[in-house]
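Data block below; observations after.
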2 protein chains.
Amino acid sequence: MCSDCNAGALNIYLFKGEAFMAMQNFVFYNPVKIIFGENQIAEIANEIPKESKVLITYGGGSIKKNGVYDQVIKALENHTVLEFAGIEPNPKYETLMQAIEVCRKESIDFVLAVGGGSVIDGTKFIVAGVNYAGDPWELVAKREPGAFISSAPDLTSAVPFGTVLTLPATSSEMNCGAVISRKDSADKLAFSNPLLFPKFSVLDPVTTFTLPDNQTSNGIIDIYIHVIEQYLTIPMNAPIQDWMAEGILKTLIEEAPKVMQNGKDYDARANIMWAGAIGLNGWISPGVAQDWATHMLGHELTAKYGLDHGQTLAVVLPSLMDVKREQKSEKILQYARRVLGITSGSDEEVIDQAINKTREFFEGLGVKTRLSDYGITADGIADIVAQLDKHGLTALGEHGDIDLKASEEILRRAL
Amino acid sequence: MCSDCNAGALNIYLFKGEAFMAMQNFVFYNPVKIIFGENQIAEIANEIPKESKVLITYGGGSIKKNGVYDQVIKALENHTVLEFAGIEPNPKYETLMQAIEVCRKESIDFVLAVGGGSVIDGTKFIVAGVNYAGDPWELVAKREPGAFISSAPDLTSAVPFGTVLTLPATSSEMNCGAVISRKDSADKLAFSNPLLFPKFSVLDPVTTFTLPDNQTSNGIIDIYIHVIEQYLTIPMNAPIQDWMAEGILKTLIEEAPKVMQNGKDYDARANIMWAGAIGLNGWISPGVAQDWATHMLGHELTAKYGLDHGQTLAVVLPSLMDVKREQKSEKILQYARRVLGITSGSDEEVIDQAINKTREFFEGLGVKTRLSDYGITADGIADIVAQLDKHGLTALGEHGDIDLKASEEILRRAL
């Protein structure tokens, strides 16, 4: 997920050749109701209108093993409920179109997404597509010139929906954006529209107790890099936004080892779940520059080579920090000192240490940070660059100056 | 303003005799749209329905001197507009009832509050009262047993309203609570209800350039103590909430001298305005303990002796920290080290330094911190305690153990 959804305005400031040093004007809006804590899934019965015909959307069935499915069904025993299972990681257009058909045929009034970011993102595409006259793919694919995310301006209504989150990572539970993939074209593209805020999201940390380690670690890395993409950019004289971003990063660094060691640590799970919600819900980004190049390159790696989203981010970020070390130096130094606690060395050495420590954090969670770790060689880079070109992603980063050549260099140094 | 307005639940955790150490379950909801930045007042034309009959509410007329009134009138040139002026600091029931009559007589569809927390709080009472069948004072005065703020459960509708903020302090522009006073009884009481969220708030830092010093400093102290009341309580193992609270406090400490020296420092004004909005909008309080005793004692000092709200807080807090130094020690030490940068001394010395530095921060803004500075002697304390008793405010603080005796001791040490 690659945008905050402030009232439909993307609030992504591109500073072509010029560094703005003051907080920019912004619009903030986020009406999602968060119901947080143990045993809160039952609350969905009070949040979904009684007369609704509800479609529950979910993924591969892990919710049937960990008890979440049973809690949802029990809570909705007085509602009319249908199900759509099988929304895959990196949710696919082809799958979601089937769900849209179900909604149309069954006149669904409310959709409840039960799962992680993929299920919630996929559900946003479903609720957006139901009443859309054209091919819903247009909502994702049609972008303004120069934009790397669609604002879906042709969207005029959406079926209301809520979520029960089971995997903290994307913040999709508390924003109005989504990333959708296509099997037939290896596309992975983002869209965002204020009609796509969940009405509510239930965040019960207990639902994350049984996550496999790789999903936990990928999720933590996704949150970490959401924050980084809104923070490691241009100094904007916006100290509150900086302190907040740094607080989330420090929390992740501190809490991650706890959940990797003991998946049933409620406090640590709760803190990571809350970090995930606010990592990309607009709270840390008002008026400041944003990057998103790591995500955009990462999306292409997933679409082309099937890497997990978190893996792609862990590969791209350290290399991007290295390539952009001069342009981002002021913020990298701040990050090094205030988040990572690096206190000695020349500026260049501090930046090197910051990159290394960031890489070590990811590796310490069991996520490899080199393309070669995933069997991708120098020969594979051209295909990624070609996909970036195809998708018009030729002016990335907070300065809009990460062109295809810079992207190639970032990927090359990630080998 | 003394509550966050999370979906009507007050989310104020009282830990009678028991220290909870984990984040508590919570509901978070805040649908206020924030339009932030220079020249944004014109945007109200797009936010208020065209066919609305609008009542503009404001205070003593400073908005006519600083150009804000003109901007508002210009923006609404195609709307039908009426005005209600004269909402005073610590807005009075008696005044507000007149505005309610105007709304009823003129069939007002939308109210636009233009001013600081008093105008916005007063406007919340107005929009709540218009359709209320009984005496609107009941909305404020009727509290659950043990509660120190009314949740106005009998409120079923409110006239929609927006705000143009001109004085950062209360966060009323981004929450659903208000504090209302009564001339005839020296009452100053708080209420809160999710129907009372503004539809939008415009925050243009330029509107604060011409604030008198005492309003600027009182506002900064109000924000500071809102954050303190949600932070300086019980360690809850909620690190994100702590880092965020500390970030706001550090920002205030850093930015306050800048605006006191140069009122036209846009960046500093912007950072303080944003601090004010998020200081009491529910962002820093999810699942953590809250105190509010400083505000409750302060309200009585204002109601009885006419001190500014900020002055009362500056008087009460250092003394409350002293009286509660043992119970709050863990959080005061954290505050001392992470916010104030105090690095040496025994725990007791660090706490002493933290109290002194807090007092010095307020005094440095030109706000006196002793009751005697305002002509209140030991003889005046009994009246305040009597008012606390009358208002049922006999179990304050995050542990609910600040009874009348403890309040008296806090006031005594504040002499």
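We name chains A, B, ... following the order of the structure tokens; residues begin at 1 in each chain, and ligands are numbered from 1 as shown.
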
Which residues of chain B come within 6 Å of chain A, and what is each one's closest atom pair and distance in Å (one decimal), counting only C-alpha atoms, sorted by chain and residue number, as a tab-separated table?
```
residue	atom	partner	partner_atom	distance
B:Asn25	CA	A:Gly37	CA	4.4
B:Phe26	CA	A:Phe36	CA	5.2
B:Val27	CA	A:Ile35	CA	4.6
B:Phe28	CA	A:Ile34	CA	4.9
B:Tyr29	CA	A:Lys33	CA	4.5
B:Asn30	CA	A:Pro31	CA	5.9
B:Pro31	CA	A:Pro31	CA	4.1
B:Lys33	CA	A:Tyr29	CA	4.5
B:Ile34	CA	A:Phe28	CA	4.9
B:Ile35	CA	A:Val27	CA	4.6
B:Phe36	CA	A:Phe26	CA	5.2
B:Gly37	CA	A:Asn25	CA	4.4
B:Ile240	CA	A:Gly247	CA	5.8
B:Trp243	CA	A:Gly247	CA	5.0
B:Met244	CA	A:Met244	CA	5.2
B:Gly247	CA	A:Trp243	CA	5.0
B:Ile248	CA	A:Ile240	CA	5.9
```

Subject >> Backbone DSSP call of strand (DSSP E) for segment 139-335 of chain B, listed as a ChimeraX atom specification >> reply: /B:161-165,177-182,187-192,200-203

For the residues in the current selection, export C-alpha atoms as a short mmCIF file (atom, residue, chain, number, x, y, z; two decimals), in the first residue's frame.
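After the write, again.cif holds the following:
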```cif
data_model
loop_
_atom_site.label_atom_id
_atom_site.label_comp_id
_atom_site.auth_asym_id
_atom_site.auth_seq_id
_atom_site.Cartn_x
_atom_site.Cartn_y
_atom_site.Cartn_z
CA PHE B 161 -20.84 22.52 12.26
CA GLY B 162 -17.31 23.32 11.20
CA THR B 163 -14.57 25.49 12.64
CA VAL B 164 -11.96 28.03 11.65
CA LEU B 165 -9.41 27.88 14.44
CA GLY B 177 -15.86 17.52 23.81
CA ALA B 178 -16.49 20.93 25.33
CA VAL B 179 -16.32 22.76 28.64
CA ILE B 180 -19.19 25.10 29.50
CA SER B 181 -19.52 27.58 32.35
CA ARG B 182 -22.48 29.14 34.11
CA ASP B 187 -19.94 25.98 37.45
CA LYS B 188 -17.47 24.95 34.78
CA LEU B 189 -18.26 21.48 33.51
CA ALA B 190 -17.27 19.25 30.61
CA PHE B 191 -19.29 17.11 28.24
CA SER B 192 -18.51 15.03 25.22
CA PHE B 200 -14.16 20.07 9.27
CA SER B 201 -11.66 22.43 10.84
CA VAL B 202 -9.49 24.92 9.02
CA LEU B 203 -6.11 25.47 10.69
#
```

Subject >> Residue nearest Gln311 of chain A among A:Thr166, A:Asn218, A:Thr95, A:Thr358 (counting only C-alpha atoms) >> reply: A:Asn218

Original post:
Using only C-alpha atoms, which residues sit within 10 Å of segment 68-78 of chain A once same-chain residues fewer than 4 positions away are excluded, as a list in words?
Top reply: Asn39, Gln40, Ile41, Ala42, Glu43, Ile44, Ala45, Asn46, Ile48, Lys50, Glu51, Val54, Ile56, Tyr58, Gly61, Ser62, Ile63, Lys64, Leu112, Val114, Gly115, Val164, Leu165, Thr166, Asp204, Val206 and Thr207 of chain A

The selected residues should be written to file as a short mmCIF file (atom, residue, chain, number, x, y, z; two decimals), in the first residue's frame (atoms: N, CA, C and O atoms).
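The file below, again_8.cif, is the result:
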```cif
data_model
loop_
_atom_site.label_atom_id
_atom_site.label_comp_id
_atom_site.auth_asym_id
_atom_site.auth_seq_id
_atom_site.Cartn_x
_atom_site.Cartn_y
_atom_site.Cartn_z
N ASN A 39 -10.76 -10.24 22.38
CA ASN A 39 -12.20 -10.58 22.41
C ASN A 39 -13.10 -9.51 21.82
O ASN A 39 -14.27 -9.42 22.18
N GLN A 40 -12.59 -8.74 20.90
CA GLN A 40 -13.40 -7.66 20.33
C GLN A 40 -14.09 -8.03 19.02
O GLN A 40 -14.89 -7.25 18.50
N ILE A 41 -13.80 -9.21 18.49
CA ILE A 41 -14.42 -9.57 17.21
C ILE A 41 -15.94 -9.61 17.33
O ILE A 41 -16.66 -9.24 16.39
N ALA A 42 -16.44 -9.99 18.50
CA ALA A 42 -17.90 -10.04 18.70
C ALA A 42 -18.57 -8.71 18.41
O ALA A 42 -19.76 -8.66 18.05
N GLU A 43 -17.81 -7.62 18.54
CA GLU A 43 -18.37 -6.28 18.32
C GLU A 43 -18.87 -6.04 16.89
O GLU A 43 -19.66 -5.12 16.65
N ILE A 44 -18.41 -6.84 15.94
CA ILE A 44 -18.84 -6.60 14.56
C ILE A 44 -20.35 -6.69 14.42
O ILE A 44 -20.95 -6.04 13.56
N ALA A 45 -20.99 -7.48 15.29
CA ALA A 45 -22.45 -7.61 15.23
C ALA A 45 -23.13 -6.26 15.42
O ALA A 45 -24.19 -6.00 14.84
N ASN A 46 -22.51 -5.38 16.22
CA ASN A 46 -23.09 -4.06 16.46
C ASN A 46 -22.71 -3.04 15.40
O ASN A 46 -23.29 -1.96 15.35
N ILE A 48 -22.29 -3.81 11.93
CA ILE A 48 -22.85 -4.10 10.61
C ILE A 48 -24.37 -4.02 10.72
O ILE A 48 -24.97 -4.69 11.56
N LYS A 50 -28.13 -4.57 10.86
CA LYS A 50 -28.79 -5.86 11.07
C LYS A 50 -29.41 -6.44 9.79
O LYS A 50 -29.43 -7.64 9.57
N GLU A 51 -29.94 -5.55 8.95
CA GLU A 51 -30.66 -6.03 7.77
C GLU A 51 -29.74 -6.33 6.59
O GLU A 51 -30.20 -6.73 5.53
N VAL A 54 -24.50 -9.93 4.09
CA VAL A 54 -23.05 -9.74 4.27
C VAL A 54 -22.26 -10.77 3.48
O VAL A 54 -22.57 -11.97 3.53
N ILE A 56 -18.59 -12.35 3.53
CA ILE A 56 -17.32 -12.44 4.23
C ILE A 56 -16.26 -12.85 3.22
O ILE A 56 -16.41 -13.86 2.53
N TYR A 58 -12.22 -13.86 2.57
CA TYR A 58 -11.00 -14.27 3.26
C TYR A 58 -10.06 -14.99 2.31
O TYR A 58 -10.31 -15.06 1.10
N GLY A 61 -7.67 -19.82 4.30
CA GLY A 61 -8.28 -20.68 5.30
C GLY A 61 -7.60 -20.72 6.65
O GLY A 61 -8.04 -21.43 7.55
N SER A 62 -6.51 -19.93 6.84
CA SER A 62 -5.86 -19.94 8.15
C SER A 62 -6.83 -19.48 9.24
O SER A 62 -6.73 -19.90 10.39
N ILE A 63 -7.79 -18.64 8.85
CA ILE A 63 -8.76 -18.18 9.85
C ILE A 63 -9.64 -19.32 10.36
O ILE A 63 -10.28 -19.19 11.40
N LYS A 64 -9.68 -20.43 9.61
CA LYS A 64 -10.46 -21.58 10.11
C LYS A 64 -9.67 -22.38 11.14
O LYS A 64 -10.23 -23.10 11.95
N LEU A 112 -17.38 -7.98 4.65
CA LEU A 112 -16.49 -8.05 5.81
C LEU A 112 -15.23 -8.80 5.40
O LEU A 112 -15.28 -9.99 5.09
N VAL A 114 -11.86 -10.52 6.26
CA VAL A 114 -11.25 -11.15 7.43
C VAL A 114 -9.89 -11.69 7.00
O VAL A 114 -9.81 -12.69 6.27
N GLY A 115 -8.82 -11.01 7.41
CA GLY A 115 -7.50 -11.46 7.00
C GLY A 115 -6.47 -10.36 7.10
O GLY A 115 -6.63 -9.44 7.91
N VAL A 164 -11.74 -7.42 9.78
CA VAL A 164 -11.17 -8.06 10.97
C VAL A 164 -9.74 -8.40 10.59
O VAL A 164 -9.51 -9.27 9.74
N LEU A 165 -8.80 -7.68 11.16
CA LEU A 165 -7.40 -7.82 10.75
C LEU A 165 -6.74 -9.01 11.44
O LEU A 165 -6.91 -9.20 12.64
N THR A 166 -5.97 -9.77 10.70
CA THR A 166 -5.26 -10.91 11.31
C THR A 166 -3.75 -10.84 11.10
O THR A 166 -3.03 -11.70 11.60
N ASP A 204 -7.60 -7.42 16.97
CA ASP A 204 -7.40 -8.24 18.16
C ASP A 204 -6.02 -8.88 18.07
O ASP A 204 -5.81 -9.78 17.25
N VAL A 206 -4.62 -11.08 19.63
CA VAL A 206 -4.60 -12.53 19.81
C VAL A 206 -4.69 -13.26 18.47
O VAL A 206 -4.14 -14.36 18.30
N THR A 207 -5.35 -12.63 17.50
CA THR A 207 -5.47 -13.29 16.18
C THR A 207 -4.10 -13.45 15.51
O THR A 207 -3.99 -14.20 14.55
#
```

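Distances from B:Ala152, B:Val119, B:Ile221, B:Ala141 to Ala256 of chain B were compared using only C-alpha atoms, and the smallest one belongs to B:Ile221.
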
**OP:** Excluding Arg269 of chain A and any residue of its chain fewer than 6 positions from it, enumerate the residues within 8 Å of it, using only C-alpha atoms, and give them as a PyMOL selection string.
**Re:** chain A and resi 205-206+208-209+255+259+263

Can you pull out the residues contacting Asp135 of chain B? Cut-off 10 Å, using only C-alpha atoms, and skip same-chain residues under 4 positions away; I want them as a PDB file with N, CA, C and O atoms, in the first residue's frame.
```pdb
ATOM      1  N   MET B  97     -27.362  30.136  25.297  1.00  0.00           N
ATOM      2  CA  MET B  97     -28.803  29.931  25.152  1.00  0.00           C
ATOM      3  C   MET B  97     -29.396  30.941  24.171  1.00  0.00           C
ATOM      4  O   MET B  97     -30.354  30.638  23.448  1.00  0.00           O
ATOM      5  N   GLY B 129     -27.758  21.884  21.678  1.00  0.00           N
ATOM      6  CA  GLY B 129     -28.962  22.358  22.349  1.00  0.00           C
ATOM      7  C   GLY B 129     -30.146  22.615  21.435  1.00  0.00           C
ATOM      8  O   GLY B 129     -31.296  22.558  21.880  1.00  0.00           O
ATOM      9  N   LEU B 139     -27.347  18.397  29.504  1.00  0.00           N
ATOM     10  CA  LEU B 139     -26.341  17.655  28.728  1.00  0.00           C
ATOM     11  C   LEU B 139     -24.970  17.740  29.389  1.00  0.00           C
ATOM     12  O   LEU B 139     -24.157  16.824  29.285  1.00  0.00           O
TER      13      LEU B 139
END
```
